[in-house]
$ cat work_4.txt   # compact mmCIF, C-alpha atoms
# COMPACT_ATOMS: atom_id res chain seq x y z
CA MET O 1 17.50 21.91 26.74
CA ASN O 2 13.97 20.80 27.50
CA GLY O 3 12.48 22.35 24.43
CA SER O 4 12.30 25.84 25.88
CA GLU O 5 14.94 28.57 25.68
CA PHE O 6 18.59 27.54 25.52
CA SER O 7 20.72 28.45 28.52
CA TRP O 8 24.45 27.84 28.90
CA SER O 9 24.25 27.20 32.63
CA GLU O 10 21.62 24.54 32.02
CA PHE O 11 23.81 23.13 29.26
CA PHE O 12 26.86 22.85 31.50
CA ASN O 13 24.77 21.40 34.30
CA MET O 14 23.79 18.43 32.07
CA GLY O 15 20.66 17.75 34.09
CA GLY O 16 22.74 17.19 37.21
CA TYR O 17 25.14 14.74 35.52
CA ALA O 18 27.77 17.40 34.77
CA VAL O 19 30.61 15.60 36.58
CA PHE O 20 30.10 12.34 34.71
CA VAL O 21 29.42 13.83 31.28
CA TRP O 22 32.16 16.46 31.28
CA THR O 23 34.78 14.16 32.78
CA SER O 24 34.06 11.75 29.93
CA TYR O 25 34.35 14.44 27.27
CA GLY O 26 37.43 15.88 28.98
CA LEU O 27 39.18 12.51 29.01
CA ALA O 28 38.34 12.03 25.35
CA LEU O 29 39.99 15.39 24.67
CA VAL O 30 43.07 14.35 26.65
CA MET O 31 43.20 11.13 24.62
CA VAL O 32 42.99 13.02 21.31
CA VAL O 33 45.72 15.50 22.32
CA ALA O 34 48.01 12.75 23.67
CA ASN O 35 47.63 10.75 20.46
CA ILE O 36 48.56 13.77 18.36
CA VAL O 37 51.49 14.95 20.51
CA SER O 38 53.18 11.64 21.27
CA PRO O 39 53.88 10.49 17.67
CA ILE O 40 55.18 13.99 16.85
CA ILE O 41 57.65 13.79 19.76
CA GLU O 42 58.56 10.24 18.74
CA ARG O 43 59.23 11.39 15.17
CA LYS O 44 61.59 14.11 16.37
CA ARG O 45 63.42 11.61 18.59
CA VAL O 46 63.85 9.08 15.77
CA ILE O 47 65.10 11.74 13.35
CA SER O 48 67.64 13.18 15.80
CA ARG O 49 68.81 9.66 16.63
CA ILE O 50 69.45 8.85 12.97
CA LYS O 51 71.21 12.20 12.50
CA ARG O 52 73.48 11.46 15.46
CA ALA O 53 74.32 8.03 14.03
CA ILE O 54 75.22 9.56 10.67
CA ARG O 55 77.46 12.18 12.32
CA ARG O 56 79.17 9.54 14.46
CA GLU O 57 79.94 7.41 11.42
CA THR O 58 81.32 10.28 9.34
CA ASN O 59 83.48 11.39 12.30
CA THR O 60 85.07 7.97 12.77
CA GLY O 61 85.54 7.67 9.03
CA LYS O 62 83.39 4.56 8.71
CA ALA O 63 81.26 4.24 5.61
CA GLY O 64 77.48 4.20 6.23
CA MET Q 1 49.41 -13.62 -13.25
CA PHE Q 2 49.96 -14.50 -9.61
CA LYS Q 3 53.56 -13.40 -9.88
CA ARG Q 4 52.48 -10.05 -11.32
CA ILE Q 5 50.07 -9.44 -8.45
CA TRP Q 6 52.70 -10.49 -5.92
CA GLY Q 7 55.22 -8.12 -7.47
CA TRP Q 8 52.64 -5.34 -7.36
CA ILE Q 9 51.88 -6.01 -3.68
CA GLN Q 10 55.57 -6.01 -2.82
CA ARG Q 11 56.22 -2.76 -4.64
CA PHE Q 12 53.33 -0.95 -2.96
CA SER Q 13 54.07 -2.36 0.46
CA SER Q 14 57.68 -1.26 0.27
CA PRO Q 15 58.37 1.02 3.24
CA LYS Q 16 59.82 3.71 0.98
CA HIS Q 17 56.74 3.83 -1.24
CA PHE Q 18 54.44 3.77 1.78
CA TYR Q 19 56.34 6.63 3.40
CA SER Q 20 55.75 9.02 0.51
CA ILE Q 21 52.13 7.98 -0.18
CA SER Q 22 51.07 8.11 3.48
CA GLY Q 23 52.59 11.57 3.87
CA LYS Q 24 50.11 12.83 1.29
CA MET Q 25 47.14 11.01 2.87
CA ILE Q 26 47.56 12.15 6.48
CA PRO Q 27 46.30 15.76 6.03
CA TRP Q 28 43.11 14.55 4.32
CA PHE Q 29 42.30 12.08 7.07
CA ALA Q 30 43.10 14.69 9.71
CA ILE Q 31 40.96 17.43 8.15
CA SER Q 32 37.95 15.16 7.63
CA ALA Q 33 38.32 13.81 11.18
CA ILE Q 34 38.23 17.38 12.57
CA PHE Q 35 35.19 18.37 10.49
CA LEU Q 36 33.20 15.25 11.37
CA GLY Q 37 34.32 15.41 15.01
CA VAL Q 38 33.13 19.01 15.42
CA TYR Q 39 29.88 18.25 13.60
CA GLY Q 40 29.31 15.12 15.68
CA LEU Q 41 29.97 16.97 18.95
CA TYR Q 42 27.60 19.75 17.94
CA MET Q 43 24.87 17.26 17.00
CA GLY Q 44 25.45 15.15 20.09
CA LEU Q 45 25.58 17.94 22.65
CA PHE Q 46 23.15 20.49 21.21
CA VAL Q 47 20.78 18.82 18.77
CA ALA Q 48 20.19 15.31 20.15
CA PRO Q 49 17.17 15.26 22.49
CA THR Q 50 17.27 14.40 26.19
CA ASP Q 51 16.77 10.70 26.87
CA TYR Q 52 13.45 10.00 28.55
CA GLN Q 53 15.01 7.41 30.92
CA GLN Q 54 18.59 8.53 31.48
CA GLY Q 55 18.24 12.30 31.15
CA GLU Q 56 21.39 14.07 29.99
CA SER Q 57 23.77 11.40 31.30
CA TYR Q 58 23.23 9.33 28.16
CA ARG Q 59 25.32 11.89 26.19
CA ILE Q 60 28.37 9.92 27.34
CA ILE Q 61 27.28 7.49 24.60
CA PHE Q 62 28.79 9.73 21.90
CA ILE Q 63 32.24 9.15 23.42
CA HIS Q 64 31.79 5.71 24.96
CA VAL Q 65 30.35 3.74 22.05
CA PRO Q 66 32.69 5.04 19.30
CA ALA Q 67 35.65 4.41 21.64
CA ALA Q 68 34.45 0.86 22.36
CA TRP Q 69 33.93 0.17 18.65
CA MET Q 70 37.41 1.52 17.88
CA SER Q 71 38.98 -0.59 20.62
CA MET Q 72 37.76 -3.73 18.83
CA PHE Q 73 38.22 -2.44 15.26
CA ILE Q 74 41.85 -1.45 15.89
CA TYR Q 75 42.52 -4.80 17.55
CA VAL Q 76 41.29 -6.65 14.46
CA VAL Q 77 43.39 -4.40 12.19
CA MET Q 78 46.40 -5.06 14.42
CA ALA Q 79 45.90 -8.84 14.49
CA VAL Q 80 45.29 -9.09 10.72
CA SER Q 81 48.38 -6.96 10.01
CA ALA Q 82 50.45 -9.04 12.41
CA GLY Q 83 49.16 -12.18 10.67
CA ILE Q 84 50.12 -10.83 7.24
CA GLY Q 85 53.53 -9.96 8.64
CA LEU Q 86 53.96 -13.45 10.08
CA ILE Q 87 52.80 -15.39 7.03
CA TRP Q 88 54.02 -13.32 4.07
CA GLN Q 89 56.93 -11.53 5.77
CA ILE Q 90 55.66 -8.12 4.70
CA LYS Q 91 57.54 -5.68 6.91
CA LEU Q 92 55.03 -2.88 6.42
CA ALA Q 93 52.28 -5.06 7.94
CA ASP Q 94 54.31 -5.50 11.14
CA MET Q 95 54.84 -1.76 11.26
CA ILE Q 96 51.09 -1.08 10.91
CA ALA Q 97 50.42 -3.57 13.73
CA ALA Q 98 53.01 -1.97 16.01
CA ALA Q 99 51.69 1.51 15.17
CA SER Q 100 48.11 0.48 15.97
CA ALA Q 101 48.68 -0.93 19.45
CA PRO Q 102 49.07 2.29 21.48
CA ILE Q 103 46.10 3.93 19.71
CA GLY Q 104 43.95 0.87 20.37
CA ALA Q 105 45.01 0.84 24.01
CA TRP Q 106 44.00 4.49 24.36
CA PHE Q 107 40.55 3.86 22.85
CA THR Q 108 40.07 0.84 25.13
CA PHE Q 109 41.03 2.91 28.15
CA ILE Q 110 38.54 5.64 27.15
CA ALA Q 111 35.80 3.05 26.58
CA LEU Q 112 36.41 1.59 30.05
CA VAL Q 113 36.62 4.90 31.91
CA THR Q 114 33.64 6.56 30.19
CA GLY Q 115 31.67 3.36 30.73
CA SER Q 116 32.56 3.55 34.37
CA LEU Q 117 31.51 7.22 34.52
CA TRP Q 118 28.21 6.26 32.91
CA GLY Q 119 27.76 3.23 35.14
CA LYS Q 120 27.99 5.18 38.38
CA PRO Q 121 24.86 7.32 37.88
CA MET Q 122 22.91 4.58 36.04
CA TRP Q 123 23.85 1.37 37.86
CA GLY Q 124 25.14 2.89 41.08
CA ALA Q 125 28.63 1.43 40.65
CA TYR Q 126 31.77 2.50 38.79
CA TRP Q 127 32.70 -1.10 38.15
CA VAL Q 128 31.04 -4.50 38.14
CA TRP Q 129 32.71 -7.76 37.13
CA ASP Q 130 30.24 -8.51 34.38
CA ALA Q 131 31.13 -10.23 31.11
CA ARG Q 132 31.20 -7.14 28.88
CA LEU Q 133 33.35 -5.09 31.24
CA THR Q 134 35.71 -7.93 32.07
CA SER Q 135 36.31 -8.92 28.44
CA GLU Q 136 36.96 -5.26 27.54
CA LEU Q 137 39.47 -5.05 30.39
CA ILE Q 138 41.17 -8.18 28.99
CA LEU Q 139 41.38 -6.37 25.65
CA LEU Q 140 43.32 -3.57 27.36
CA PHE Q 141 45.72 -6.16 28.81
CA LEU Q 142 46.15 -7.75 25.37
CA TYR Q 143 47.22 -4.36 23.99
CA PHE Q 144 49.61 -3.92 26.92
CA GLY Q 145 51.01 -7.40 26.35
CA TYR Q 146 51.59 -6.69 22.68
CA MET Q 147 53.37 -3.42 23.47
CA ALA Q 148 55.46 -5.02 26.22
CA LEU Q 149 56.64 -7.76 23.85
CA GLN Q 150 57.41 -5.18 21.15
CA SER Q 151 59.53 -3.03 23.43
CA SER Q 152 61.24 -5.71 25.50
CA ILE Q 153 62.61 -7.93 22.71
CA GLU Q 154 65.74 -6.46 21.17
CA ASP Q 155 65.67 -8.28 17.83
CA GLN Q 156 62.90 -6.73 15.70
CA ARG Q 157 61.98 -9.91 13.82
CA THR Q 158 61.63 -11.90 17.04
CA ALA Q 159 59.65 -9.08 18.61
CA ASP Q 160 57.26 -9.02 15.65
CA LYS Q 161 56.81 -12.78 15.76
CA ALA Q 162 56.16 -13.00 19.51
CA SER Q 163 53.86 -9.98 19.70
CA GLY Q 164 52.10 -10.97 16.46
CA LEU Q 165 51.35 -14.40 17.84
CA LEU Q 166 49.86 -12.86 20.97
CA ALA Q 167 47.74 -10.49 18.85
CA ILE Q 168 46.39 -13.37 16.75
CA VAL Q 169 45.57 -15.59 19.71
CA GLY Q 170 43.90 -12.64 21.44
CA VAL Q 171 41.42 -12.25 18.58
CA VAL Q 172 39.18 -14.83 20.29
CA ASN Q 173 38.40 -12.09 22.79
CA ILE Q 174 36.70 -9.92 20.13
CA PRO Q 175 33.60 -12.10 19.55
CA ILE Q 176 33.49 -12.65 23.31
CA ILE Q 177 33.25 -8.89 23.86
CA HIS Q 178 30.64 -8.52 21.14
CA TYR Q 179 28.38 -11.39 22.21
CA SER Q 180 29.02 -11.10 25.95
CA VAL Q 181 25.75 -9.21 26.43
CA GLN Q 182 23.84 -12.13 24.87
CA TRP Q 183 25.82 -15.09 26.19
CA TRP Q 184 25.83 -14.00 29.79
CA ASN Q 185 23.29 -12.28 31.93
CA THR Q 186 25.00 -8.91 32.11
CA LEU Q 187 24.27 -5.54 33.61
CA HIS Q 188 25.54 -3.93 30.43
CA GLN Q 189 22.77 -3.18 27.97
CA GLY Q 190 22.50 -5.09 24.70
CA ALA Q 191 23.27 -3.88 21.20
CA THR Q 192 21.19 -0.92 20.07
CA VAL Q 193 22.73 -0.07 16.71
CA SER Q 194 24.05 -3.29 15.19
CA LYS Q 195 20.80 -5.19 15.60
CA LEU Q 196 19.47 -6.75 12.42
CA ASP Q 197 16.09 -5.08 12.64
CA LYS Q 198 15.66 -1.36 13.01
CA PRO Q 199 18.03 0.16 15.58
CA SER Q 200 16.16 0.98 18.76
CA MET Q 201 17.39 4.53 18.90
CA HIS Q 202 16.04 7.96 18.02
CA VAL Q 203 17.48 9.12 14.68
CA ASP Q 204 18.69 12.42 16.23
CA MET Q 205 20.76 10.33 18.65
CA LEU Q 206 21.83 7.79 16.06
CA ILE Q 207 23.25 10.35 13.59
CA PRO Q 208 25.74 11.99 16.00
CA LEU Q 209 26.74 8.53 17.23
CA LEU Q 210 27.56 7.36 13.70
CA VAL Q 211 29.25 10.66 12.82
CA MET Q 212 31.46 10.38 15.91
CA ALA Q 213 32.25 6.76 15.01
CA ILE Q 214 33.38 7.75 11.51
CA ALA Q 215 35.37 10.69 12.92
CA ALA Q 216 37.13 8.27 15.30
CA LYS Q 217 38.01 5.97 12.39
CA LEU Q 218 39.44 8.87 10.39
CA PHE Q 219 41.39 10.04 13.43
CA TYR Q 220 42.83 6.55 13.81
CA ALA Q 221 43.70 6.48 10.09
CA ALA Q 222 45.66 9.73 10.40
CA ILE Q 223 47.45 8.79 13.61
CA VAL Q 224 48.29 5.22 12.60
CA LEU Q 225 49.93 6.56 9.44
CA VAL Q 226 52.00 9.07 11.42
CA ARG Q 227 53.07 6.30 13.78
CA ALA Q 228 53.76 3.83 10.97
CA ARG Q 229 56.00 6.44 9.29
CA ASN Q 230 57.97 6.68 12.54
CA GLN Q 231 58.28 2.88 12.44
CA VAL Q 232 59.56 3.06 8.86
CA LEU Q 233 62.20 5.66 9.74
CA TYR Q 234 63.35 3.76 12.81
CA ARG Q 235 63.37 0.24 11.35
CA GLU Q 236 64.94 1.31 8.04
CA ARG Q 237 67.40 3.67 9.73
CA ASN Q 238 70.42 2.05 8.10
CA ARG Q 239 69.00 2.35 4.58
CA GLN Q 240 70.44 4.90 2.22
CA TRP Q 241 67.06 6.47 1.32
CA VAL Q 242 66.17 7.05 4.99
CA ARG Q 243 69.55 8.68 5.65
CA GLU Q 244 69.21 10.95 2.64
CA LEU Q 245 65.68 11.88 3.70
CA VAL Q 246 66.62 12.55 7.33
CA GLU Q 247 69.55 14.78 6.38
CA LYS Q 248 67.14 17.02 4.50
CA LEU Q 249 64.84 17.40 7.53

$ encode --input "work_4.txt" --output "structure tokens"
Amino acid sequence: MNGSEFSWSEFFNMGGYAVFVWTSYGLALVMVVANIVSPIIERKRVISRIKRAIRRETNTGKAG
Amino acid sequence: MFKRIWGWIQRFSSPKHFYSISGKMIPWFAISAIFLGVYGLYMGLFVAPTDYQQGESYRIIFIHVPAAWMSMFIYVVMAVSAGIGLIWQIKLADMIAAASAPIGAWFTFIALVTGSLWGKPMWGAYWVWDARLTSELILLFLYFGYMALQSSIEDQRTADKASGLLAIVGVVNIPIIHYSVQWWNTLHQGATVSKLDKPSMHVDMLIPLLVMAIAAKLFYAAIVLVRARNQVLYRERNRQWVRELVEKL
């Protein structure tokens, strides 16, 4: 990365700061994935909860 | 005239209207966030030159600074929404505030941890109790406080009022975070981008930083809409239109 030829091992080494740099990028990736997955799970939970409530009400004969 | 505008605001802030509009907006925010995120990562990791003082360790900046900006930006969005909800009783505003909190907390956490991972090689310590770091940690606790009030109070209106009040009071922390590096003698470096004169940063470093910041904003836009739609479904669960919609899913 110092102007000369590009090398992957040099790239991953990050000038000796690999642990700090890649942990930071890795945590950012975890954050992105968690923020995508968790609202999707939440959505499924809310929908199934409403569906259950509707079924319960129709079974007991109560009007919604 | 005022009544017309008010009627217009109410119609467009109706949860039902929001639900259908936001559903169409999410893919566009998501796609542009991915494109800018990939471009920003490429520019930041491969194109941006090595820093003459910090070597390669400075590349943490492309995660750390956008995350720190988002932590404050989302807080302001949350507090303003909560304020609108409190004053004008617009339910959608409370939902946006509630949807923002966990995302803001995540960004704050990332800003703190990446800052810590940058601090160790540069300052020799993962953590110091300096003004910038401490006020950012308080921001994380404000998010936690908001979420705790939201989830612990059974009645939704009371929960919105209590947590909204906390969010509004906590806004004083935002200028403290921003100016902490000037007001106190801190270890944390001063502003490099938002200075009034020319930013003291190489343009090849500045571009990926700004690209990543915009990507983070678009990511937030997509996720906050997904979360706000969950809020709509849950809070309006006894409404006919929600029931009809859910039965089709």

$ interface_residues --input "work_4.txt" --of "chain Q" --to "chain O" --cutoff "6 Å" --atoms "all atoms listed in the file" --output "PyMOL selection string"
chain Q and resi 56-57+60+114+117+227+230

$ atom_distance --input "work_4.txt" --atom1 "atom CA of Q:Asp160" --atom2 "atom CA of Q:Gln240"
23.4 Å

$ closest_residue --input "work_4.txt" --among "Q:Ser200, Q:Gln54, Q:Ser13, Q:Ser151" --to "Q:Ile84" --atoms "only C-alpha atoms"
Q:Ser13

$ atom_distance --input "work_4.txt" --atom1 "atom CA of Q:Trp28" --atom2 "atom CA of Q:Leu218"
9.1 Å

$ residues_around --input "work_4.txt" --residues "stretch 85-95 of chain Q" --least-positions-apart "5" --cutoff "10 Å" --atoms "all atoms listed in the file" --output "JSON, numbers by chain"
{"Q": [9, 10, 12, 13, 14, 15, 16, 18, 77, 78, 79, 80, 100, 156, 157, 159, 160, 161, 162, 163, 164, 165, 224, 225, 227, 228, 229, 230, 231, 232, 235]}

$ atom_distance --input "work_4.txt" --atom1 "atom CA of Q:Asp204" --atom2 "atom CA of Q:Arg59"
12.0 Å
